[in-house]
$ cat final_19.pdb   # PDB, C-alpha atoms
ATOM      1  CA  MET A 120     106.760  83.669 104.286
ATOM      2  CA  LEU A 121     103.243  84.626 105.331
ATOM      3  CA  ASP A 122     102.414  88.311 105.104
ATOM      4  CA  VAL A 123     101.102  89.797 108.362
ATOM      5  CA  ARG A 124      98.718  92.196 106.637
ATOM      6  CA  ARG A 125      97.112  89.315 104.781
ATOM      7  CA  LEU A 126      96.889  87.282 107.982
ATOM      8  CA  ARG A 127      94.982  90.178 109.519
ATOM      9  CA  LEU A 128      92.543  90.142 106.594
ATOM     10  CA  LEU A 129      91.965  86.412 107.100
ATOM     11  CA  CYS A 130      91.310  86.923 110.824
ATOM     12  CA  ASP A 131      88.870  89.699 110.010
ATOM     13  CA  LEU A 132      87.100  87.434 107.519
ATOM     14  CA  ALA A 133      86.689  84.825 110.260
ATOM     15  CA  ARG A 134      85.288  87.500 112.578
ATOM     16  CA  LEU A 135      83.114  89.496 110.157
ATOM     17  CA  GLY A 136      81.909  86.677 107.917
ATOM     18  CA  THR A 137      82.040  88.288 104.468
ATOM     19  CA  ILE A 138      84.639  89.732 102.133
ATOM     20  CA  ALA A 139      82.435  92.806 101.699
ATOM     21  CA  ALA A 140      82.521  93.475 105.460
ATOM     22  CA  VAL A 141      86.302  93.052 105.539
ATOM     23  CA  ALA A 142      86.646  95.440 102.610
ATOM     24  CA  GLN A 143      84.491  98.043 104.353
ATOM     25  CA  ALA A 144      86.485  97.720 107.582
ATOM     26  CA  HIS A 145      89.764  98.359 105.764
ATOM     27  CA  THR A 146      88.435 100.798 103.135
ATOM     28  CA  TYR A 147      89.486  98.386 100.396
ATOM     29  CA  THR A 148      87.426  97.117  97.492
ATOM     30  CA  PRO A 149      86.076  93.560  97.787
ATOM     31  CA  SER A 150      88.169  92.678  94.745
ATOM     32  CA  ALA A 151      91.335  93.873  96.487
ATOM     33  CA  VAL A 152      90.545  91.796  99.579
ATOM     34  CA  SER A 153      89.887  88.714  97.435
ATOM     35  CA  GLN A 154      93.194  89.216  95.630
ATOM     36  CA  GLN A 155      95.113  89.527  98.894
ATOM     37  CA  LEU A 156      93.502  86.391 100.298
ATOM     38  CA  ALA A 157      94.330  84.521  97.081
ATOM     39  CA  VAL A 158      97.980  85.536  97.514
ATOM     40  CA  LEU A 159      97.842  84.325 101.130
ATOM     41  CA  GLU A 160      96.580  80.955  99.911
ATOM     42  CA  ARG A 161      99.548  80.696  97.567
ATOM     43  CA  GLU A 162     101.897  81.638 100.407
ATOM     44  CA  ALA A 163     100.317  78.999 102.664
ATOM     45  CA  GLY A 164     100.370  76.327  99.961
ATOM     46  CA  VAL A 165      96.945  74.979 100.950
ATOM     47  CA  PRO A 166      93.349  76.093 100.269
ATOM     48  CA  LEU A 167      92.177  78.468 102.974
ATOM     49  CA  LEU A 168      88.747  79.362 101.581
ATOM     50  CA  GLU A 169      85.827  77.477 100.119
ATOM     51  CA  ARG A 170      83.662  79.343  97.649
ATOM     52  CA  THR A 171      80.038  78.349  97.188
ATOM     53  CA  GLY A 172      78.379  80.738  94.783
ATOM     54  CA  ARG A 173      78.920  84.177  96.289
ATOM     55  CA  ARG A 174      79.645  82.869  99.800
ATOM     56  CA  VAL A 175      83.104  82.231 101.217
ATOM     57  CA  THR A 176      83.873  80.036 104.224
ATOM     58  CA  LEU A 177      87.124  78.970 105.854
ATOM     59  CA  THR A 178      88.526  75.510 105.228
ATOM     60  CA  THR A 179      89.981  73.445 108.067
ATOM     61  CA  ALA A 180      93.410  74.794 107.125
ATOM     62  CA  GLY A 181      91.990  78.320 107.116
ATOM     63  CA  ARG A 182      90.622  77.922 110.637
ATOM     64  CA  VAL A 183      93.963  76.539 111.843
ATOM     65  CA  LEU A 184      95.787  79.485 110.292
ATOM     66  CA  VAL A 185      93.398  81.960 111.938
ATOM     67  CA  ARG A 186      94.142  80.493 115.378
ATOM     68  CA  HIS A 187      97.878  80.789 114.826
ATOM     69  CA  ALA A 188      97.529  84.203 113.196
ATOM     70  CA  GLU A 189      95.855  85.541 116.348
ATOM     71  CA  THR A 190      98.948  84.412 118.261
ATOM     72  CA  VAL A 191     101.188  86.139 115.728
ATOM     73  CA  LEU A 192      99.223  89.392 115.953
ATOM     74  CA  THR A 193      99.379  89.283 119.754
ATOM     75  CA  ALA A 194     103.145  88.764 119.598
ATOM     76  CA  LEU A 195     103.462  91.773 117.294
ATOM     77  CA  GLU A 196     101.522  93.918 119.771
ATOM     78  CA  GLN A 197     103.831  92.741 122.548
ATOM     79  CA  THR A 198     106.858  93.558 120.413
ATOM     80  CA  THR A 199     105.533  97.031 119.627
ATOM     81  CA  ALA A 200     104.884  97.604 123.332
ATOM     82  CA  ALA A 201     108.378  96.431 124.276
ATOM     83  CA  LEU A 202     110.003  98.754 121.749
ATOM     84  CA  ALA A 203     107.866 101.675 122.895
ATOM     85  CA  ALA A 204     108.895 100.988 126.496
ATOM     86  CA  VAL A 205     112.535 101.610 125.547
ATOM     87  CA  ALA A 206     111.676 105.173 124.520
ATOM     88  CA  THR A 207     111.960 108.071 126.944
ATOM     89  CA  GLY A 208     108.204 108.202 127.528
ATOM     90  CA  PRO A 209     104.783 107.767 125.881
ATOM     91  CA  THR A 210     104.639 109.705 122.632
ATOM     92  CA  GLY A 211     102.536 109.855 119.484
ATOM     93  CA  PRO A 212      98.817 109.410 118.939
ATOM     94  CA  LEU A 213      96.633 107.765 121.563
ATOM     95  CA  ARG A 214      93.205 107.130 120.043
ATOM     96  CA  ILE A 215      90.540 106.630 122.702
ATOM     97  CA  GLY A 216      87.022 105.317 122.178
ATOM     98  CA  ALA A 217      84.444 105.829 124.921
ATOM     99  CA  PHE A 218      80.685 105.924 125.452
ATOM    100  CA  PRO A 219      79.049 109.342 125.955
ATOM    101  CA  THR A 220      78.583 109.169 129.735
ATOM    102  CA  ALA A 221      82.258 108.346 130.263
ATOM    103  CA  VAL A 222      83.336 111.071 127.840
ATOM    104  CA  ARG A 223      81.361 113.589 129.886
ATOM    105  CA  THR A 224      82.330 112.393 133.386
ATOM    106  CA  LEU A 225      85.651 110.529 133.353
ATOM    107  CA  LEU A 226      87.627 111.568 130.288
ATOM    108  CA  PRO A 227      88.074 115.327 130.942
ATOM    109  CA  ALA A 228      90.168 114.730 134.073
ATOM    110  CA  THR A 229      91.894 111.788 132.389
ATOM    111  CA  LEU A 230      92.938 113.906 129.410
ATOM    112  CA  VAL A 231      94.167 116.738 131.625
ATOM    113  CA  ALA A 232      96.297 114.338 133.688
ATOM    114  CA  LEU A 233      97.739 112.652 130.609
ATOM    115  CA  GLY A 234      98.505 116.024 129.039
ATOM    116  CA  HIS A 235     100.437 117.133 132.131
ATOM    117  CA  GLN A 236     102.248 113.854 132.751
ATOM    118  CA  HIS A 237     102.957 112.869 129.145
ATOM    119  CA  PRO A 238     102.994 115.938 126.879
ATOM    120  CA  GLY A 239     104.350 113.848 124.015
ATOM    121  CA  LEU A 240     101.011 112.043 123.650
ATOM    122  CA  GLU A 241      98.577 113.246 120.992
ATOM    123  CA  LEU A 242      95.222 112.533 122.635
ATOM    124  CA  ARG A 243      92.299 111.837 120.316
ATOM    125  CA  VAL A 244      88.847 110.925 121.612
ATOM    126  CA  THR A 245      85.996 109.372 119.658
ATOM    127  CA  GLU A 246      82.568 109.116 121.284
ATOM    128  CA  LEU A 247      80.859 105.883 120.285
ATOM    129  CA  ASP A 248      78.711 103.045 121.533
ATOM    130  CA  PRO A 249      80.679 100.321 123.345
ATOM    131  CA  VAL A 250      79.546  97.735 120.793
ATOM    132  CA  ALA A 251      81.697  99.548 118.204
ATOM    133  CA  VAL A 252      84.862  99.554 120.321
ATOM    134  CA  PRO A 253      86.108  95.990 119.589
ATOM    135  CA  ALA A 254      86.031  96.565 115.835
ATOM    136  CA  GLY A 255      87.739  99.927 116.260
ATOM    137  CA  LEU A 256      90.551  98.301 118.233
ATOM    138  CA  ARG A 257      90.989  95.360 115.886
ATOM    139  CA  GLU A 258      90.984  97.607 112.835
ATOM    140  CA  ARG A 259      93.532  99.884 114.538
ATOM    141  CA  ARG A 260      91.294 102.947 114.469
ATOM    142  CA  LEU A 261      91.520 102.961 118.276
ATOM    143  CA  ASP A 262      94.342 102.205 120.696
ATOM    144  CA  VAL A 263      92.262 101.922 123.872
ATOM    145  CA  GLY A 264      88.537 101.921 124.508
ATOM    146  CA  LEU A 265      85.866 101.511 127.149
ATOM    147  CA  LEU A 266      83.447  98.606 127.093
ATOM    148  CA  HIS A 267      80.565  97.919 129.384
ATOM    149  CA  ASP A 268      77.932  95.331 130.023
ATOM    150  CA  TYR A 269      75.250  94.628 132.602
ATOM    151  CA  ASP A 270      75.090  91.616 134.879
ATOM    152  CA  VAL A 271      71.684  90.878 133.328
ATOM    153  CA  VAL A 272      73.149  91.139 129.795
ATOM    154  CA  PRO A 273      76.738  89.803 129.890
ATOM    155  CA  VAL A 274      78.768  90.402 126.719
ATOM    156  CA  GLU A 275      81.016  87.689 125.305
ATOM    157  CA  SER A 276      84.696  88.651 125.354
ATOM    158  CA  ASP A 277      86.561  89.273 122.087
ATOM    159  CA  PRO A 278      89.475  86.826 121.661
ATOM    160  CA  GLY A 279      91.633  89.512 120.055
ATOM    161  CA  LEU A 280      91.349  91.917 122.995
ATOM    162  CA  ASP A 281      92.497  92.153 126.591
ATOM    163  CA  THR A 282      90.517  94.044 129.211
ATOM    164  CA  VAL A 283      90.976  95.235 132.788
ATOM    165  CA  PRO A 284      88.174  96.305 135.149
ATOM    166  CA  LEU A 285      87.504 100.003 135.656
ATOM    167  CA  LEU A 286      84.134 100.452 137.321
ATOM    168  CA  ASP A 287      81.272  98.446 138.789
ATOM    169  CA  GLU A 288      78.221 100.710 139.026
ATOM    170  CA  THR A 289      74.910 100.664 140.803
ATOM    171  CA  VAL A 290      71.956 100.955 138.443
ATOM    172  CA  PHE A 291      69.044 103.143 139.543
ATOM    173  CA  LEU A 292      65.366 103.419 138.756
ATOM    174  CA  ALA A 293      64.755 107.120 138.040
ATOM    175  CA  VAL A 294      61.236 108.303 138.885
ATOM    176  CA  PRO A 295      59.665 111.760 139.288
ATOM    177  CA  ALA A 296      60.306 113.127 142.787
ATOM    178  CA  GLY A 297      56.593 113.280 143.517
ATOM    179  CA  ALA A 298      55.949 109.621 142.708
ATOM    180  CA  PRO A 299      54.655 107.665 145.694
ATOM    181  CA  GLU A 300      57.127 105.352 147.404
ATOM    182  CA  ALA A 301      56.399 101.649 147.121
ATOM    183  CA  ALA A 302      57.606  98.433 148.727
ATOM    184  CA  ASP A 303      58.611  97.206 145.269
ATOM    185  CA  PRO A 304      59.368 100.372 143.267
ATOM    186  CA  LEU A 305      60.223  98.581 140.028
ATOM    187  CA  ARG A 306      57.125  96.413 139.944
ATOM    188  CA  ASP A 307      55.093  99.530 140.781
ATOM    189  CA  THR A 308      56.099 101.031 137.407
ATOM    190  CA  ARG A 309      54.473  98.272 135.354
ATOM    191  CA  ASP A 310      51.784 100.688 134.140
ATOM    192  CA  ALA A 311      54.013 103.786 133.982
ATOM    193  CA  ALA A 312      55.300 105.433 130.834
ATOM    194  CA  TRP A 313      58.934 104.481 130.223
ATOM    195  CA  ILE A 314      61.833 106.334 128.626
ATOM    196  CA  LEU A 315      63.964 103.757 126.840
ATOM    197  CA  ALA A 316      67.200 103.843 124.880
ATOM    198  CA  SER A 317      67.083 103.088 121.158
ATOM    199  CA  PRO A 318      66.147  99.481 120.331
ATOM    200  CA  GLY A 319      69.218  97.372 119.701
ATOM    201  CA  THR A 320      71.435  99.227 122.182
ATOM    202  CA  LEU A 321      72.785  97.481 125.260
ATOM    203  CA  CYS A 322      70.979  99.926 127.571
ATOM    204  CA  HIS A 323      67.649  99.145 125.887
ATOM    205  CA  THR A 324      68.227  95.396 126.184
ATOM    206  CA  ALA A 325      69.277  95.675 129.831
ATOM    207  CA  THR A 326      66.136  97.649 130.718
ATOM    208  CA  LEU A 327      63.951  95.022 129.066
ATOM    209  CA  HIS A 328      65.677  92.278 131.063
ATOM    210  CA  VAL A 329      65.309  94.167 134.342
ATOM    211  CA  CYS A 330      61.598  94.811 133.779
ATOM    212  CA  ARG A 331      60.795  91.320 132.528
ATOM    213  CA  ALA A 332      62.504  89.838 135.578
ATOM    214  CA  ALA A 333      60.045  91.937 137.614
ATOM    215  CA  GLY A 334      57.165  90.419 135.652
ATOM    216  CA  PHE A 335      56.276  93.033 133.024
ATOM    217  CA  THR A 336      57.330  94.590 129.731
ATOM    218  CA  PRO A 337      57.908  98.354 129.963
ATOM    219  CA  LEU A 338      55.510 100.612 128.109
ATOM    220  CA  ALA A 339      57.777 102.795 125.946
ATOM    221  CA  ARG A 340      56.619 106.370 125.467
ATOM    222  CA  HIS A 341      59.927 108.070 124.646
ATOM    223  CA  HIS A 342      63.276 106.912 123.273
ATOM    224  CA  ALA A 343      66.485 108.778 124.151
ATOM    225  CA  ASP A 344      70.123 107.671 124.308
ATOM    226  CA  ASP A 345      71.575 110.641 126.185
ATOM    227  CA  PHE A 346      71.096 110.134 129.922
ATOM    228  CA  ALA A 347      70.949 113.883 130.592
ATOM    229  CA  THR A 348      67.954 114.018 128.263
ATOM    230  CA  VAL A 349      66.420 110.981 129.954
ATOM    231  CA  LEU A 350      66.735 112.576 133.402
ATOM    232  CA  ALA A 351      65.255 115.854 132.145
ATOM    233  CA  LEU A 352      62.233 113.960 130.837
ATOM    234  CA  VAL A 353      61.851 112.116 134.145
ATOM    235  CA  ALA A 354      62.044 115.414 136.041
ATOM    236  CA  ALA A 355      59.300 116.764 133.759
ATOM    237  CA  GLY A 356      57.054 113.879 134.733
ATOM    238  CA  GLN A 357      57.233 112.253 131.313
ATOM    239  CA  GLY A 358      58.102 108.778 132.496
ATOM    240  CA  VAL A 359      60.548 106.589 134.383
ATOM    241  CA  SER A 360      63.824 105.029 133.319
ATOM    242  CA  VAL A 361      66.858 102.972 134.313
ATOM    243  CA  ILE A 362      70.027 105.024 134.874
ATOM    244  CA  PRO A 363      73.608 103.886 135.658
ATOM    245  CA  GLN A 364      75.593 105.498 138.457
ATOM    246  CA  LEU A 365      77.843 107.603 136.199
ATOM    247  CA  ALA A 366      74.798 109.277 134.669
ATOM    248  CA  ALA A 367      73.111 109.729 138.042
ATOM    249  CA  ALA A 368      75.903 111.632 139.804
ATOM    250  CA  GLN A 369      74.077 115.004 139.603
ATOM    251  CA  PRO A 370      70.410 114.359 138.878
ATOM    252  CA  PRO A 371      68.201 117.382 138.206
ATOM    253  CA  VAL A 372      65.685 118.641 140.718
ATOM    254  CA  GLY A 373      62.514 116.615 140.397
ATOM    255  CA  VAL A 374      64.141 113.181 140.081
ATOM    256  CA  ARG A 375      64.266 110.487 142.755
ATOM    257  CA  LEU A 376      66.758 107.635 142.302
ATOM    258  CA  VAL A 377      65.988 104.168 143.636
ATOM    259  CA  PRO A 378      68.921 101.704 143.656
ATOM    260  CA  LEU A 379      68.294  98.366 141.954
ATOM    261  CA  ASP A 380      70.106  95.052 142.303
ATOM    262  CA  THR A 381      71.429  95.318 138.734
ATOM    263  CA  ARG A 382      75.051  96.339 138.104
ATOM    264  CA  ARG A 383      76.802  97.871 135.087
ATOM    265  CA  ARG A 384      80.448  96.905 134.614
ATOM    266  CA  THR A 385      82.942  99.005 132.643
ATOM    267  CA  ARG A 386      86.286  97.663 131.386
ATOM    268  CA  ILE A 387      89.278  99.208 129.644
ATOM    269  CA  ALA A 388      90.082  97.357 126.426
ATOM    270  CA  TYR A 389      93.093  97.221 124.108
ATOM    271  CA  ARG A 390      94.543  94.806 121.584
ATOM    272  CA  ARG A 391      95.828  91.565 123.091
ATOM    273  CA  GLY A 392      99.499  91.906 123.903
ATOM    274  CA  GLY A 393      99.362  95.681 124.285
ATOM    275  CA  ALA A 394      99.046  95.959 128.076
ATOM    276  CA  SER A 395     102.679  96.960 128.579
ATOM    277  CA  HIS A 396     102.674  99.671 125.919
ATOM    278  CA  PRO A 397     103.603 102.894 127.768
ATOM    279  CA  ALA A 398     100.717 104.886 126.291
ATOM    280  CA  THR A 399      98.213 102.154 127.198
ATOM    281  CA  ALA A 400      99.592 101.823 130.713
ATOM    282  CA  ALA A 401      99.505 105.612 131.155
ATOM    283  CA  PHE A 402      95.872 105.748 130.059
ATOM    284  CA  VAL A 403      94.850 102.920 132.399
ATOM    285  CA  SER A 404      96.516 104.649 135.343
ATOM    286  CA  ALA A 405      95.047 108.075 134.517
ATOM    287  CA  ILE A 406      91.456 106.960 133.987
ATOM    288  CA  ARG A 407      91.499 104.816 137.120
ATOM    289  CA  ALA A 408      92.626 107.856 139.120
ATOM    290  CA  ALA A 409      89.968 110.033 137.457
ATOM    291  CA  THR A 410      87.294 107.430 138.225
ATOM    292  CA  SER A 411      88.262 107.242 141.896
ATOM    293  CA  THR A 412      88.188 111.038 142.180
ATOM    294  CA  PHE A 413      84.823 111.306 140.409
ATOM    295  CA  LEU A 414      83.272 108.721 142.723
ATOM    296  CA  GLY A 415      84.869 110.304 145.793
ATOM    297  CA  ARG A 416      86.897 107.261 146.755
TER
END

$ encode --input "final_19.pdb" --output "C-alpha cells"
Amino acid sequence: MLDVRRLRLLCDLARLGTIAAVAQAHTYTPSAVSQQLAVLEREAGVPLLERTGRRVTLTTAGRVLVRHAETVLTALEQTTAALAAVATGPTGPLRIGAFPTAVRTLLPATLVALGHQHPGLELRVTELDPVAVPAGLRERRLDVGLLHDYDVVPVESDPGLDTVPLLDETVFLAVPAGAPEAADPLRDTRDAAWILASPGTLCHTATLHVCRAAGFTPLARHHADDFATVLALVAAGQGVSVIPQLAAAQPPVGVRLVPLDTRRRTRIAYRRGGASHPATAAFVSAIRAATSTFLGR
C-alpha cells in the first residue's frame, strides 16, 4: 500500500526539483525526506529516483507514479469536500492568501460577509505575492488564494490547482495631472522617469513588456511595490507608472489615469478537487459579491 504522505513528497520533488527544497517546504530535514522517499520506493517495488552525485532525478517509473499520485491527491480533495458538505455548514479554519491590493480593496467586505453568513469559519488572511500562492496551496498552508497575470505576461497554470475567474481589470498609465496630453500617451513617456515594482515581480515584468511593445525601455528612477506609494509619488511629480484598476479606484489629487490596452486578470485558486468544499464555495461566492460591489456593478 502506497502512503499518501510519501506520494505528496514525490510530487513535490517533481515540482520543486531538489530534496532540499522539498524539505524546506515541509519543514523536514533533507535526511528525513530522503528516508521517506526510500520507503516509498520499497512500497512501489521499483526504483523511483536516480542519484547522480548529489543530484536526484525521477526514473520513468517515478514520473508515472507522479502522474497517478496527482490523481490520487485530487480524489482525496474531492472526498474531503464531499464529507465537509454533509456537515451543517462551513466550519473550521479558512486560510486565504491574497496580494496586497486585493487585501485592501476586496477582502474586508468578503471577510465581513463570511463572518455573518458562516460564523463557524475561522478566517485567516496572509498577504503575499501571487507567485507564492500555488506553493502555499500545494503545501496546505493555504486553502484558497488569489492569482493574477497580465495578458502581456500570461502565467502557466499549475496542474495541481483549479481556478475560476474573478476579475478582468483595465490597466492604466498614471501620470502627473499637469502632464501634457498626447496622441500616444505611453510612447510620450519614453524619456520620463518611471516608478517600477521590484525586479522579478510580475508587475515589474508586465511594465517592461508594455513599454517595450511601445518601442522603449522605461527609465527607472524609483522602485515601489505598494500601489498607494506609487500613486503618491506620481502625484508628487516624481515619475509615471502602470497601475491596475483595483489600485486606481481612488487616485490622489494630482494624478491623471490613461487607460491602456493591457488587461490584468485575477483568478481564485484552490487545490484540484476542492471546488465543492463548502468553505471554498462560500469564499468564492463572497468575494465575487464583494468584487461586484466594489466595482459598482

$ resolve_selection --input "final_19.pdb" --expression "the PyMOL selection byres ((chain A and resi 179) around 12)" --output "short mmCIF file (atom, residue, chain, number, x, y, z; two decimals) with C-alpha atoms, in the frame of the given file"
data_model
loop_
_atom_site.label_atom_id
_atom_site.label_comp_id
_atom_site.auth_asym_id
_atom_site.auth_seq_id
_atom_site.Cartn_x
_atom_site.Cartn_y
_atom_site.Cartn_z
CA VAL A 165 96.94 74.98 100.95
CA PRO A 166 93.35 76.09 100.27
CA LEU A 167 92.18 78.47 102.97
CA LEU A 168 88.75 79.36 101.58
CA GLU A 169 85.83 77.48 100.12
CA THR A 176 83.87 80.04 104.22
CA LEU A 177 87.12 78.97 105.85
CA THR A 178 88.53 75.51 105.23
CA ALA A 180 93.41 74.79 107.12
CA GLY A 181 91.99 78.32 107.12
CA ARG A 182 90.62 77.92 110.64
CA VAL A 183 93.96 76.54 111.84
CA LEU A 184 95.79 79.48 110.29
CA VAL A 185 93.40 81.96 111.94
CA ARG A 186 94.14 80.49 115.38
#

$ residues_around --input "final_19.pdb" --residues "region 333-341 of chain A" --least-positions-apart "6" --cutoff "7 Å" --atoms "all atoms listed in the file" --output "ChimeraX atom specification"
/A:306,309,311-315,327

$ resolve_selection --input "final_19.pdb" --expression "the PyMOL selection byres ((chain A and resi 282-284) around 7)" --output "PyMOL selection string"
chain A and resi 280-281+285-286+385-389

$ axis_aligned_box --input "final_19.pdb" --around "region 195-199 of chain A" --padding-each-side "4 Å" --output "AutoDock Vina command-line options"
--center_x 104.2 --center_y 94.4 --center_z 119.9 --size_x 13.3 --size_y 13.3 --size_z 13.3

$ resolve_selection --input "final_19.pdb" --expression "the PyMOL selection byres ((chain A and resi 122) around 10)" --output "PyMOL selection string"
chain A and resi 120-121+123-127+155+158-159+162-163

$ atom_distance --input "final_19.pdb" --atom1 "CA of Ala188 (chain A)" --atom2 "CA of Thr245 (chain A)"
28.4 Å

$ residues_around --input "final_19.pdb" --residues "Leu261 (chain A)" --least-positions-apart "5" --cutoff "7 Å" --atoms "all atoms listed in the file" --output "PyMOL selection string"
chain A and resi 214-216+255-256

$ residues_around --input "final_19.pdb" --residues "region 369-380 of chain A" --least-positions-apart "2" --cutoff "8 Å" --atoms "all atoms listed in the file" --output "list of chain:residue names"
A:Thr289, A:Val290, A:Phe291, A:Leu292, A:Ala293, A:Val294, A:Pro295, A:Ala296, A:Gly297, A:Pro304, A:Leu350, A:Ala351, A:Val353, A:Ala354, A:Ala355, A:Ala366, A:Ala367, A:Arg382

$ closest_residue --input "final_19.pdb" --among "A:Ser317, A:Thr410, A:Thr210, A:Thr193" --to "Asp344 (chain A)" --atoms "all atoms listed in the file"
A:Ser317

$ closest_residue --input "final_19.pdb" --among "A:Leu247, A:Ala401, A:Leu414, A:Leu156" --to "Leu213 (chain A)" --atoms "all atoms listed in the file"
A:Ala401

$ closest_residue --input "final_19.pdb" --among "A:Val263, A:Ala254, A:Val244, A:Ala394" --to "Val141 (chain A)" --atoms "all atoms listed in the file"
A:Ala254

$ closest_residue --input "final_19.pdb" --among "A:Phe346, A:Phe413, A:Phe402, A:Tyr147" --to "Gly264 (chain A)" --atoms "only C-alpha atoms"
A:Phe402

$ closest_residue --input "final_19.pdb" --among "A:Gly279, A:Val349, A:Ser404, A:Thr399" --to "Arg257 (chain A)" --atoms "all atoms listed in the file"
A:Gly279

$ residues_around --input "final_19.pdb" --residues "Arg383 (chain A)" --least-positions-apart "3" --cutoff "10 Å" --atoms "all atoms listed in the file" --output "list of chain:residue names"
A:His267, A:Asp268, A:Tyr269, A:Asp270, A:Val271, A:Val272, A:Pro273, A:Leu286, A:Asp287, A:Glu288, A:Thr289, A:Val290, A:Cys322, A:Ala325, A:Ile362, A:Pro363, A:Gln364, A:Leu365

$ atom_distance --input "final_19.pdb" --atom1 "CA of Ala301 (chain A)" --atom2 "CA of Gly356 (chain A)"
17.4 Å

$ decode --input "final_19.pdb" --residues "region 374-388 of chain A" --atoms "N, CA, C and O atoms" --output "compact mmCIF listing (two decimals), in the first residue's frame"
# COMPACT_ATOMS: atom_id res chain seq x y z
N VAL A 374 -3.07 63.15 -9.93
CA VAL A 374 -2.79 62.00 -10.79
C VAL A 374 -3.84 61.94 -11.90
O VAL A 374 -5.04 62.08 -11.65
N ARG A 375 -3.39 61.75 -13.12
CA ARG A 375 -4.30 61.51 -14.24
C ARG A 375 -4.08 60.08 -14.73
O ARG A 375 -2.93 59.65 -14.90
N LEU A 376 -5.17 59.34 -14.94
CA LEU A 376 -5.11 57.95 -15.35
C LEU A 376 -5.51 57.81 -16.81
O LEU A 376 -6.59 58.27 -17.21
N VAL A 377 -4.66 57.17 -17.58
CA VAL A 377 -4.91 56.97 -19.01
C VAL A 377 -5.06 55.47 -19.25
O VAL A 377 -4.13 54.70 -19.00
N PRO A 378 -6.23 55.01 -19.70
CA PRO A 378 -6.42 53.57 -19.90
C PRO A 378 -5.53 53.05 -21.04
O PRO A 378 -5.37 53.70 -22.07
N LEU A 379 -4.97 51.87 -20.82
CA LEU A 379 -4.15 51.20 -21.82
C LEU A 379 -4.90 49.98 -22.34
O LEU A 379 -5.92 49.56 -21.80
N ASP A 380 -4.37 49.36 -23.38
CA ASP A 380 -5.00 48.17 -23.94
C ASP A 380 -4.73 46.92 -23.10
O ASP A 380 -5.39 45.91 -23.25
N THR A 381 -3.75 47.00 -22.21
CA THR A 381 -3.36 45.84 -21.40
C THR A 381 -4.42 45.53 -20.34
O THR A 381 -5.07 46.43 -19.82
N ARG A 382 -4.57 44.23 -20.02
CA ARG A 382 -5.52 43.79 -19.01
C ARG A 382 -4.80 42.97 -17.94
O ARG A 382 -3.84 42.26 -18.23
N ARG A 383 -5.27 43.08 -16.69
CA ARG A 383 -4.80 42.20 -15.62
C ARG A 383 -5.96 41.28 -15.23
O ARG A 383 -7.07 41.73 -15.03
N ARG A 384 -5.67 39.99 -15.12
CA ARG A 384 -6.72 39.01 -14.85
C ARG A 384 -6.46 38.34 -13.50
O ARG A 384 -5.37 37.83 -13.26
N THR A 385 -7.47 38.35 -12.64
CA THR A 385 -7.36 37.74 -11.32
C THR A 385 -8.24 36.50 -11.26
O THR A 385 -9.39 36.52 -11.72
N ARG A 386 -7.71 35.43 -10.66
CA ARG A 386 -8.44 34.17 -10.53
C ARG A 386 -8.41 33.70 -9.08
O ARG A 386 -7.45 33.97 -8.35
N ILE A 387 -9.43 32.98 -8.68
CA ILE A 387 -9.47 32.34 -7.37
C ILE A 387 -8.94 30.92 -7.54
O ILE A 387 -9.39 30.20 -8.43
N ALA A 388 -8.00 30.54 -6.70
CA ALA A 388 -7.35 29.24 -6.84
C ALA A 388 -7.54 28.40 -5.58
O ALA A 388 -7.63 28.93 -4.46
